[in-house]
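**Student:** Can you keep this structure in mind? I'll have questions shortly.
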Amino acid sequence: MPDFVIPVTLKIFATKKEITDYFNRKPVKVIGFVPTMGALHKGHLGLIELAKQQSTQVVCSIFVNPTQFNDPKDLEKYPRPIADDIRRLEEINCDILFNPQVTEMYDDNEKWHFDMGDLESLLEGKFRPGHYQGVTQVVYKLFNIVKPDVAFFGQKDYQQVLVISKMIEKLHMPVKLVMCPIEREPDGLAMSSRNIHLTPDDRKNSLVLSKTLNWVKENFEPTKIAELQQHAIQTISAAPGVELEYFEIADGKTLHPATELSESVVALVAARVGKTRLIDNILL
Ligand code: AMP
């Protein structure tokens with residue numbers, strides 16, 4: 001066995017045809033897929049590492065999907081450091097980057113609607129109307145282009161995992177979904193491409209989110225759900241520079257308020273810290 005790693009050259013495709021032709025020429029046993037919007041950090045790289053362990057070839061996509069942004073300013077200022085991203089993908093030996101332009105992915109005035117039930121209007125759905133329609137629209141397209149056997153999504157976007165899982169099930173898509181744990185900074189802040197917008201004060205203030213989630217986990221008892229949720233809401237609402245959108249202790253499958261009978265329970269939070277919107281969650 002050689003004691004060195006032979007580097008793989010990252011193949012970069014920008015069109016559907018290029019990636020389809022590539023896999024037609026070179027069928028692959030297990031295609032692992034990690035869809036992202038770029039500005040790659042350790043959270044994304046963790047997904048790719050896991051994908052490498054479970055697949056023959058790994059495709060990472062970088063596409064800042066306009067249809068999932070309900071705030072045009074958020075779309076405009078979303079970071080796009082593509083040269084750094086390519087370097088990171090090369091360093092971790094990712095096989096393929098799919099990096100299309102918007103015109104490659106969308107025709108003018110395309111229509112899309114996926115019935116995901118009340119996942120569309122709860123929590124993230126309530127605060128970001130239309131967001132999950134945009135997410136399902138792009139992921140459906142990406143799945144049809146990349147044709148993955150396994151797709152890797154982060155627990156960081158817990159509700160997104162439930163929505164994609166529902167889409168796979170309802171549309172009978174032949175894809176296995178793997179949810180990967182949340183990567184955090186050493187002080188607890190969940191990694192996110194949006195964290196670069198945090199000022200030093202925001203950065204300090206943001207810690208109340210992960211600290212409160214941890215506190216709820218440490219004190220969790222199924223009979224104390226309402227009390228814990230109330231305390232968490234008060235703590236975050238009182239924190240400086242933080243505007244709470246929601247803190248919910250929810251059933252892990254439905255995202256309805258958790259009850260003593262819920263088989264899995266998750267605490268989810270969204271808040272604006274300064275001008276930046278952050279989300280986080282913890283399994284209880
Ligand atoms: P994004 O580029 O923000 O659309 O994220 C792409 C994928 O990376 C999604 O499946 C996210 O849930 C996942 N992801 C983002 N941040 C993290 C994190 N801190 N830990 C684990 N996965 C993450």
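Identifiers in this document derive from the order of the structure tokens: chains are assigned A, B, ..., residues are numbered from 1 separately in each chain, and ligands are numbered from 1 in order of occurrence.
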Once you count only C-alpha atoms and all ligand atoms, what closest atom pair and distance in Å to one decimal does each residue of chain A within 9 Å of ligand 1 have, with rows by chain and rising residue number, as a tab-separated table?

**Tutor:**
```
residue	atom	partner	partner_atom_place_in_ligand_line	distance
A:Val34	CA	ligand 1	7 (C)	6.9
A:Pro35	CA	ligand 1	6 (C)	5.8
A:Thr36	CA	ligand 1	6 (C)	3.7
A:Met37	CA	ligand 1	2 (O)	3.8
A:Gly38	CA	ligand 1	2 (O)	5.2
A:Ala39	CA	ligand 1	2 (O)	7.0
A:Leu40	CA	ligand 1	2 (O)	7.0
A:His41	CA	ligand 1	16 (N)	7.6
A:Lys42	CA	ligand 1	19 (N)	7.0
A:Gly43	CA	ligand 1	20 (N)	3.7
A:His44	CA	ligand 1	8 (O)	4.7
A:Leu45	CA	ligand 1	22 (N)	8.3
A:Gly46	CA	ligand 1	21 (C)	6.8
A:Leu47	CA	ligand 1	22 (N)	6.5
A:Ile62	CA	ligand 1	2 (O)	7.6
A:Phe63	CA	ligand 1	2 (O)	8.4
A:Val64	CA	ligand 1	4 (O)	7.9
A:Asn65	CA	ligand 1	4 (O)	8.8
A:Phe152	CA	ligand 1	10 (O)	6.5
A:Phe153	CA	ligand 1	10 (O)	3.4
A:Gly154	CA	ligand 1	12 (O)	3.2
A:Gln155	CA	ligand 1	12 (O)	5.5
A:Lys156	CA	ligand 1	12 (O)	4.7
A:Asp157	CA	ligand 1	12 (O)	4.4
A:Tyr158	CA	ligand 1	12 (O)	7.2
A:Gln160	CA	ligand 1	12 (O)	7.6
A:Val161	CA	ligand 1	10 (O)	7.7
A:Met179	CA	ligand 1	10 (O)	8.0
A:Cys180	CA	ligand 1	21 (C)	6.1
A:Pro181	CA	ligand 1	21 (C)	5.5
A:Ile182	CA	ligand 1	20 (N)	3.5
A:Glu183	CA	ligand 1	20 (N)	3.9
A:Arg184	CA	ligand 1	19 (N)	5.7
A:Glu185	CA	ligand 1	19 (N)	8.4
A:Leu189	CA	ligand 1	19 (N)	8.4
A:Ala190	CA	ligand 1	19 (N)	4.8
A:Met191	CA	ligand 1	19 (N)	3.7
A:Ser192	CA	ligand 1	16 (N)	4.8
A:Ser193	CA	ligand 1	3 (O)	6.2
A:Arg194	CA	ligand 1	3 (O)	8.2
A:Asp280	CA	ligand 1	19 (N)	8.8
```

**Student:** Hey, what does DSSP flag as alpha helix (DSSP H) within segment 179-237 of chain A? Can you give it to me as a PyMOL selection string?

**Tutor:** chain A and resi 200-205+207-218+225-237

**Student:** Go through A:Gly274, A:Pro240, A:Pro257, A:Gly134 one by one, measure the shortest atom-to-atom distance of each to Pro66 of chain A using only C-alpha atoms, and give the residue with the smallest value.

**Tutor:**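 Selected residue with least distance to Pro66 of chain A: A:Gly134.
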
**Student:** Output as a ChimeraX atom specification all residues of segment 103-271 of chain A that backbone DSSP marks as strand (DSSP E).

**Tutor:** /A:150-154,176-180,242-251,265-271

**Student:** For the selection you just gave me, I'd like the residues written to a file as a PDB file, in the first residue's frame, keeping N, CA and C atoms.

**Tutor:**
```pdb
ATOM      1  N   VAL A 150     -26.863   8.806  -3.197  1.00  0.00           N
ATOM      2  CA  VAL A 150     -26.984   9.279  -1.818  1.00  0.00           C
ATOM      3  C   VAL A 150     -26.779  10.797  -1.813  1.00  0.00           C
ATOM      4  N   ALA A 151     -27.608  11.517  -1.064  1.00  0.00           N
ATOM      5  CA  ALA A 151     -27.439  12.969  -0.957  1.00  0.00           C
ATOM      6  C   ALA A 151     -27.247  13.330   0.509  1.00  0.00           C
ATOM      7  N   PHE A 152     -26.342  14.257   0.768  1.00  0.00           N
ATOM      8  CA  PHE A 152     -25.947  14.598   2.134  1.00  0.00           C
ATOM      9  C   PHE A 152     -26.386  16.022   2.452  1.00  0.00           C
ATOM     10  N   PHE A 153     -27.180  16.146   3.520  1.00  0.00           N
ATOM     11  CA  PHE A 153     -27.679  17.455   3.944  1.00  0.00           C
ATOM     12  C   PHE A 153     -27.344  17.644   5.419  1.00  0.00           C
ATOM     13  N   GLY A 154     -27.183  18.912   5.841  1.00  0.00           N
ATOM     14  CA  GLY A 154     -26.793  19.191   7.220  1.00  0.00           C
ATOM     15  C   GLY A 154     -27.988  19.326   8.148  1.00  0.00           C
ATOM     16  N   LYS A 176     -31.050   8.188  -1.565  1.00  0.00           N
ATOM     17  CA  LYS A 176     -31.018   7.992  -0.108  1.00  0.00           C
ATOM     18  C   LYS A 176     -30.548   9.296   0.522  1.00  0.00           C
ATOM     19  N   LEU A 177     -31.213   9.691   1.601  1.00  0.00           N
ATOM     20  CA  LEU A 177     -30.873  10.963   2.246  1.00  0.00           C
ATOM     21  C   LEU A 177     -30.092  10.698   3.530  1.00  0.00           C
ATOM     22  N   VAL A 178     -28.960  11.392   3.673  1.00  0.00           N
ATOM     23  CA  VAL A 178     -28.181  11.259   4.909  1.00  0.00           C
ATOM     24  C   VAL A 178     -28.096  12.628   5.578  1.00  0.00           C
ATOM     25  N   MET A 179     -28.445  12.681   6.860  1.00  0.00           N
ATOM     26  CA  MET A 179     -28.348  13.948   7.597  1.00  0.00           C
ATOM     27  C   MET A 179     -27.050  13.968   8.414  1.00  0.00           C
ATOM     28  N   CYS A 180     -26.268  15.036   8.252  1.00  0.00           N
ATOM     29  CA  CYS A 180     -24.955  15.115   8.915  1.00  0.00           C
ATOM     30  C   CYS A 180     -25.013  16.098  10.077  1.00  0.00           C
ATOM     31  N   VAL A 242     -30.004  40.957  19.937  1.00  0.00           N
ATOM     32  CA  VAL A 242     -30.599  39.749  19.355  1.00  0.00           C
ATOM     33  C   VAL A 242     -32.110  39.922  19.271  1.00  0.00           C
ATOM     34  N   GLU A 243     -32.632  39.700  18.077  1.00  0.00           N
ATOM     35  CA  GLU A 243     -34.093  39.803  17.900  1.00  0.00           C
ATOM     36  C   GLU A 243     -34.618  38.411  17.577  1.00  0.00           C
ATOM     37  N   LEU A 244     -35.303  37.813  18.549  1.00  0.00           N
ATOM     38  CA  LEU A 244     -35.760  36.424  18.390  1.00  0.00           C
ATOM     39  C   LEU A 244     -36.909  36.321  17.387  1.00  0.00           C
ATOM     40  N   GLU A 245     -36.821  35.373  16.468  1.00  0.00           N
ATOM     41  CA  GLU A 245     -37.972  35.094  15.582  1.00  0.00           C
ATOM     42  C   GLU A 245     -38.796  33.930  16.145  1.00  0.00           C
ATOM     43  N   TYR A 246     -38.152  32.832  16.434  1.00  0.00           N
ATOM     44  CA  TYR A 246     -38.869  31.753  17.112  1.00  0.00           C
ATOM     45  C   TYR A 246     -37.898  30.888  17.907  1.00  0.00           C
ATOM     46  N   PHE A 247     -38.399  30.295  18.969  1.00  0.00           N
ATOM     47  CA  PHE A 247     -37.705  29.221  19.688  1.00  0.00           C
ATOM     48  C   PHE A 247     -38.770  28.183  19.965  1.00  0.00           C
ATOM     49  N   GLU A 248     -38.608  27.016  19.397  1.00  0.00           N
ATOM     50  CA  GLU A 248     -39.681  26.022  19.497  1.00  0.00           C
ATOM     51  C   GLU A 248     -39.081  24.669  19.889  1.00  0.00           C
ATOM     52  N   ILE A 249     -39.703  24.032  20.859  1.00  0.00           N
ATOM     53  CA  ILE A 249     -39.345  22.642  21.161  1.00  0.00           C
ATOM     54  C   ILE A 249     -40.378  21.805  20.408  1.00  0.00           C
ATOM     55  N   ALA A 250     -39.912  21.113  19.374  1.00  0.00           N
ATOM     56  CA  ALA A 250     -40.855  20.546  18.407  1.00  0.00           C
ATOM     57  C   ALA A 250     -40.675  19.032  18.271  1.00  0.00           C
ATOM     58  N   ASP A 251     -41.739  18.422  17.786  1.00  0.00           N
ATOM     59  CA  ASP A 251     -41.679  17.003  17.438  1.00  0.00           C
ATOM     60  C   ASP A 251     -40.698  16.857  16.255  1.00  0.00           C
ATOM     61  N   VAL A 265     -37.433  14.659  19.635  1.00  0.00           N
ATOM     62  CA  VAL A 265     -37.721  16.054  19.954  1.00  0.00           C
ATOM     63  C   VAL A 265     -36.515  16.903  19.567  1.00  0.00           C
ATOM     64  N   VAL A 266     -36.801  18.069  18.990  1.00  0.00           N
ATOM     65  CA  VAL A 266     -35.725  18.959  18.569  1.00  0.00           C
ATOM     66  C   VAL A 266     -36.079  20.377  19.005  1.00  0.00           C
ATOM     67  N   ALA A 267     -35.079  21.104  19.488  1.00  0.00           N
ATOM     68  CA  ALA A 267     -35.300  22.524  19.807  1.00  0.00           C
ATOM     69  C   ALA A 267     -34.703  23.330  18.659  1.00  0.00           C
ATOM     70  N   LEU A 268     -35.506  24.255  18.129  1.00  0.00           N
ATOM     71  CA  LEU A 268     -35.040  25.025  16.964  1.00  0.00           C
ATOM     72  C   LEU A 268     -35.161  26.517  17.261  1.00  0.00           C
ATOM     73  N   VAL A 269     -34.183  27.274  16.766  1.00  0.00           N
ATOM     74  CA  VAL A 269     -34.214  28.710  17.012  1.00  0.00           C
ATOM     75  C   VAL A 269     -33.835  29.470  15.745  1.00  0.00           C
ATOM     76  N   ALA A 270     -34.448  30.645  15.581  1.00  0.00           N
ATOM     77  CA  ALA A 270     -34.041  31.587  14.537  1.00  0.00           C
ATOM     78  C   ALA A 270     -34.058  32.965  15.156  1.00  0.00           C
ATOM     79  N   ALA A 271     -33.042  33.752  14.849  1.00  0.00           N
ATOM     80  CA  ALA A 271     -32.976  35.107  15.403  1.00  0.00           C
ATOM     81  C   ALA A 271     -32.140  35.990  14.497  1.00  0.00           C
TER      82      ALA A 271
END
```

**Student:** Using only C-alpha atoms, which protein or nucleic acid residues come within 12 Å of Phe220 of chain A? Drop anything in the same chain fewer than 4 positions from it, and give the result as a list in words.

**Tutor:**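 Surrounding residues, per the criterion: Thr212, Leu213, Asn214, Trp215, Val216, Lys224, Ile225, Ala226, Glu227, Leu228, Gln229, Ala232, Ile249, Ala258, Glu260, Val265, Val266, Ala267, Ile282, Leu283 and Leu284 of chain A.
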
**Student:** When distances are computed from only C-alpha atoms, which of A:Asp115, A:Glu120, A:Glu169, A:Glu104 shows the smallest separation from Ala14 of chain A?

**Tutor:** A:Glu104

**Student:** Compare A:Thr199, A:Thr223, A:Asn281, A:Ser262 by their minimum atom-to-atom distance to Gln159 of chain A, counting only C-alpha atoms, and give me the closest one.

**Tutor:**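 With only C-alpha atoms as the atom set, the closest residue is A:Asn281.
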
**Student:** Neighbouring residues of Gln53 of chain A were defined as those with any atom within 10 Å, considering only C-alpha atoms; residues of the same chain fewer than 5 positions away were excluded. Please report them as a PyMOL selection string.

**Tutor:** chain A and resi 32+48+58

**Student:** Quote the spacing between atom CA of Leu123 of chain A and atom CA of Leu255 of chain A in Å to one decimal place.

**Tutor:**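 One can read the atom CA of Leu123 of chain A to atom CA of Leu255 of chain A distance as 8.2 Å.
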
**Student:** Might you pull out every residue within 8 Å of segment 23-28 of chain A, with only C-alpha atoms counted and same-chain residues fewer than 4 positions away left off, and present them as number ranges by chain?

**Tutor:** A: 19, 56-57

**Student:** In Å, rounded to a single decimal, give me how far atom CA of Phe114 of chain A is from atom CA of Val175 of chain A.

**Tutor:**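 If I compute the distance from atom CA of Val175 of chain A to atom CA of Phe114 of chain A, I get 17.5 Å.
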
**Student:** Could you state the separation of atom CA of Val273 of chain A and atom CA of Lys204 of chain A in Å, given to one decimal place?

**Tutor:**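 Computing the Euclidean distance for atom CA of Val273 of chain A and atom CA of Lys204 of chain A yields 9.7 Å.
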